[in-house]
>>> print(open('structure_4.txt').read())   # compact mmCIF, C-alpha atoms
# COMPACT_ATOMS: atom_id res chain seq x y z
CA MET A 1 -120.85 -93.17 -19.38
CA ARG A 2 -122.98 -92.25 -22.38
CA ILE A 3 -123.16 -88.73 -23.77
CA ARG A 4 -126.56 -87.91 -25.16
CA SER A 5 -126.96 -85.08 -27.59
CA MET A 6 -129.79 -82.67 -26.87
CA SER A 7 -131.15 -83.58 -30.31
CA GLU A 8 -131.49 -87.22 -29.17
CA ALA A 9 -133.47 -86.34 -26.06
CA PRO A 10 -137.07 -87.55 -26.15
CA VAL A 11 -139.53 -84.70 -26.63
CA THR A 12 -141.92 -84.32 -23.75
CA LYS A 13 -144.56 -81.71 -23.02
CA SER A 14 -142.27 -80.00 -20.49
CA MET A 15 -139.44 -79.86 -23.05
CA GLU A 16 -141.77 -78.49 -25.72
CA SER A 17 -142.84 -75.60 -23.52
CA LYS A 18 -139.39 -74.76 -22.15
CA LYS A 19 -136.20 -74.60 -24.20
CA PRO A 20 -133.39 -76.64 -22.59
CA VAL A 21 -130.70 -74.21 -23.77
CA THR A 22 -130.99 -70.43 -24.01
CA LEU A 23 -128.81 -68.52 -26.47
CA SER A 24 -128.35 -64.77 -26.62
CA GLY A 25 -126.05 -62.25 -28.25
CA THR A 26 -123.77 -63.57 -30.98
CA ALA A 27 -124.82 -67.16 -30.20
CA LYS A 28 -128.39 -66.30 -31.24
CA ASP A 29 -127.43 -64.18 -34.27
CA ALA A 30 -125.33 -66.80 -36.08
CA LYS A 31 -127.69 -68.07 -38.78
CA HIS A 32 -125.42 -69.99 -41.18
CA ALA A 33 -122.29 -70.45 -39.10
CA PRO A 34 -121.12 -73.57 -37.33
CA THR A 35 -123.56 -73.42 -34.45
CA LEU A 36 -122.35 -71.68 -31.33
CA GLY A 37 -123.82 -73.13 -28.15
CA LEU A 38 -124.65 -76.73 -29.11
CA VAL A 39 -124.63 -78.76 -25.89
CA ASP A 40 -124.08 -82.47 -25.14
CA ILE A 41 -124.65 -83.69 -21.57
CA GLY A 42 -123.52 -87.05 -20.18
CA GLU A 43 -123.84 -88.62 -16.76
CA SER A 44 -121.91 -91.15 -14.71
CA LYS A 45 -122.54 -92.40 -11.19
CA ARG A 46 -120.60 -89.50 -9.62
CA ALA A 47 -120.45 -86.71 -12.18
CA TYR A 48 -121.95 -84.89 -15.13
CA ILE A 49 -119.91 -84.08 -18.18
CA PHE A 50 -120.96 -81.57 -20.78
CA ARG A 51 -119.50 -80.31 -24.02
CA VAL A 52 -120.37 -76.95 -25.53
CA SER A 53 -119.59 -75.93 -29.10
CA LEU A 54 -117.82 -72.55 -29.21
CA PRO A 55 -116.48 -72.34 -32.79
CA GLY A 56 -114.42 -69.24 -33.42
CA VAL A 57 -113.52 -68.78 -29.76
CA CYS A 58 -109.74 -69.13 -29.71
CA LYS A 59 -107.75 -70.39 -26.77
CA PRO A 60 -105.16 -67.57 -26.65
CA GLN A 61 -107.81 -64.86 -26.41
CA CYS A 62 -110.38 -67.09 -24.73
CA ASN A 63 -112.62 -64.57 -23.02
CA VAL A 64 -115.00 -67.17 -21.61
CA LYS A 65 -116.49 -67.17 -18.11
CA LEU A 66 -117.99 -70.41 -16.81
CA ASP A 67 -120.45 -70.17 -13.91
CA ILE A 68 -121.89 -73.37 -12.42
CA ARG A 69 -124.36 -73.17 -9.56
CA ALA A 70 -125.19 -75.88 -7.02
CA ASP A 71 -128.70 -76.30 -8.49
CA GLY A 72 -127.11 -77.41 -11.80
CA ARG A 73 -127.58 -74.17 -13.73
CA VAL A 74 -124.67 -73.53 -16.11
CA GLU A 75 -123.97 -70.15 -17.67
CA ILE A 76 -121.20 -69.57 -20.19
CA LYS A 77 -120.47 -65.98 -21.16
CA GLY A 78 -117.87 -64.84 -23.60
CA LEU A 79 -116.72 -62.53 -26.31
CA MET A 80 -116.40 -63.55 -29.95
CA GLN A 81 -113.57 -61.47 -31.39
CA ASP A 82 -112.62 -60.83 -34.99
CA SER A 83 -109.36 -62.51 -35.96
CA GLN A 84 -106.13 -60.52 -36.05
CA PHE A 85 -106.14 -60.98 -39.85
CA ILE A 86 -109.48 -59.20 -40.18
CA ASN A 87 -108.46 -56.47 -37.73
CA ASN A 88 -105.23 -55.81 -39.71
CA HIS A 89 -107.02 -55.68 -43.08
CA ALA A 90 -110.35 -54.11 -42.08
CA LYS A 91 -109.78 -50.97 -44.18
CA LYS A 92 -108.68 -52.90 -47.28
CA TYR A 93 -111.72 -55.04 -47.92
CA LYS A 94 -115.48 -54.91 -47.77
CA PRO A 95 -117.19 -58.09 -46.49
CA ARG A 96 -119.61 -59.69 -48.98
CA VAL A 97 -120.59 -62.84 -47.09
CA GLN A 98 -121.10 -63.21 -43.33
CA GLN A 99 -121.63 -66.85 -42.38
CA LEU A 100 -119.48 -67.13 -39.28
CA ALA A 101 -120.74 -65.84 -35.96
CA PRO A 102 -120.26 -62.08 -35.80
CA SER A 103 -118.02 -60.56 -33.17
CA GLY A 104 -119.64 -59.62 -29.89
CA ASN A 105 -120.78 -61.02 -26.58
CA PHE A 106 -122.49 -64.40 -26.31
CA ASN A 107 -124.30 -66.21 -23.53
CA VAL A 108 -125.25 -69.91 -23.28
CA VAL A 109 -127.44 -71.06 -20.37
CA PHE A 110 -128.70 -74.56 -19.57
CA ASN A 111 -129.46 -76.83 -16.63
CA LEU A 112 -127.77 -80.08 -15.73
CA PRO A 113 -130.13 -82.91 -14.71
CA GLY A 114 -129.35 -82.56 -10.99
CA ARG A 115 -127.51 -80.77 -8.21
CA VAL A 116 -123.72 -80.43 -8.40
CA ASP A 117 -120.77 -79.34 -6.27
CA PRO A 118 -119.54 -76.20 -8.09
CA ARG A 119 -116.19 -76.42 -6.26
CA LEU A 120 -115.37 -79.70 -8.02
CA VAL A 121 -115.17 -78.69 -11.67
CA SER A 122 -112.65 -79.70 -14.32
CA PRO A 123 -112.94 -77.57 -17.49
CA THR A 124 -110.91 -78.19 -20.66
CA PHE A 125 -111.00 -75.93 -23.68
CA ARG A 126 -110.05 -77.84 -26.82
CA ASN A 127 -108.38 -76.21 -29.84
CA SER A 128 -111.36 -77.42 -31.87
CA GLY A 129 -113.61 -74.87 -30.12
CA ILE A 130 -115.20 -77.38 -27.75
CA LEU A 131 -115.45 -76.63 -24.04
CA GLU A 132 -115.53 -79.89 -22.07
CA VAL A 133 -116.43 -79.76 -18.39
CA ALA A 134 -116.75 -82.47 -15.76
CA VAL A 135 -118.52 -81.49 -12.54
CA MET A 136 -119.11 -83.75 -9.56
CA LYS A 137 -122.66 -84.46 -8.47
CA HIS A 138 -123.77 -83.09 -5.12
CA THR A 139 -123.55 -85.74 -2.43
CA LEU A 140 -124.70 -85.54 1.16
CA SER A 141 -122.41 -86.79 3.87
CA ASN A 142 -123.83 -89.27 6.39
CA ASN A 143 -124.05 -86.69 9.18
CA GLN A 144 -125.61 -83.96 7.01
CA PRO A 145 -129.43 -83.65 7.17
CA ILE A 146 -131.28 -84.00 3.87
CA ASN A 147 -133.11 -80.72 4.42
CA PRO A 148 -130.84 -78.36 6.40
CA GLY A 149 -133.85 -76.12 7.15
CA THR A 150 -135.59 -78.89 9.08
CA PRO A 151 -134.56 -79.14 12.77
CA THR A 152 -133.15 -82.51 13.81
CA LEU A 153 -134.05 -84.18 17.07
CA ALA A 154 -131.23 -84.70 19.55
CA SER A 155 -131.15 -88.15 21.17
>>> encode(input="structure_4.txt", output="structure tokens")
Amino acid sequence: MRIRSMSEAPVTKSMESKKPVTLSGTAKDAKHAPTLGLVDIGESKRAYIFRVSLPGVCKPQCNVKLDIRADGRVEIKGLMQDSQFINNHAKKYKPRVQQLAPSGNFNVVFNLPGRVDPRLVSPTFRNSGILEVAVMKHTLSNNQPINPGTPTLAS
């Protein structure tokens, strides 16, 4: 399995007109911080694996919701919180530099290359701020019609 960074993907006309990853909230506002929402997507014969950069999102207070739909659309919502240190000392100092992502809600949306089975997901949140997720590709069983809306002929 090879993981290809979105920055390595060949640029095509369809990619130029449509952004592969949509960022909003805090993810969009972070200008100089370690980038929130960078995505790597890899593929094997049976599954997709993706990694999403969520620096500053801590495991103990990990307020992240992962939603994966059968069509391959992935949405990650969360809340970037100030650290306990900042909350305890907020009245004692005045910030002069803001380079880390500010506190607030964030949303990262992207599409996997194909259909998936959203019931078969294995997420892992690393201490490094990386969310790693493996999701099985959608497979049709032998007795399942390719297009369930099309009537099948009985023999």
>>> closest_residue(input="structure_4.txt", among="A:Gly42, A:Phe110, A:Pro20, A:Ser128", to="A:Pro55", atoms="only C-alpha atoms")
A:Ser128
>>> residues_around(input="structure_4.txt", residues="A:Ile68", least_positions_apart="4", cutoff="10 Å", atoms="only C-alpha atoms", output="list of chain:residue names")
A:Gly72, A:Arg73, A:Val74, A:Glu75, A:Ile76, A:Val109, A:Phe110, A:Asn111, A:Leu112, A:Val116, A:Asp117, A:Pro118, A:Arg119, A:Val121, A:Val135
>>> axis_aligned_box(input="structure_4.txt", around="stretch 60-76 of chain A", padding_each_side="3 Å", output="lines of an AutoDock Vina configuration file")
center_x = -116.9
center_y = -71.0
center_z = -16.8
size_x = 29.5
size_y = 18.8
size_z = 25.6
>>> closest_residue(input="structure_4.txt", among="A:Pro113, A:Gly129, A:Pro123, A:Gly104", to="A:Gly25", atoms="all atoms listed in the file")
A:Gly104
>>> residues_near_point(input="structure_4.txt", point="(-118.9, -77.0, -25.1)", cutoff="9 Å", atoms="only C-alpha atoms", output="list in words")
Leu36, Gly37, Leu38, Val39, Asp40, Phe50, Arg51, Val52, Ser53, Leu54, Phe125, Gly129, Ile130, Leu131, Glu132 and Val133 of chain A
>>> atom_distance(input="structure_4.txt", atom1="atom CA of A:Ala134", atom2="atom CA of A:Lys45")
12.4 Å
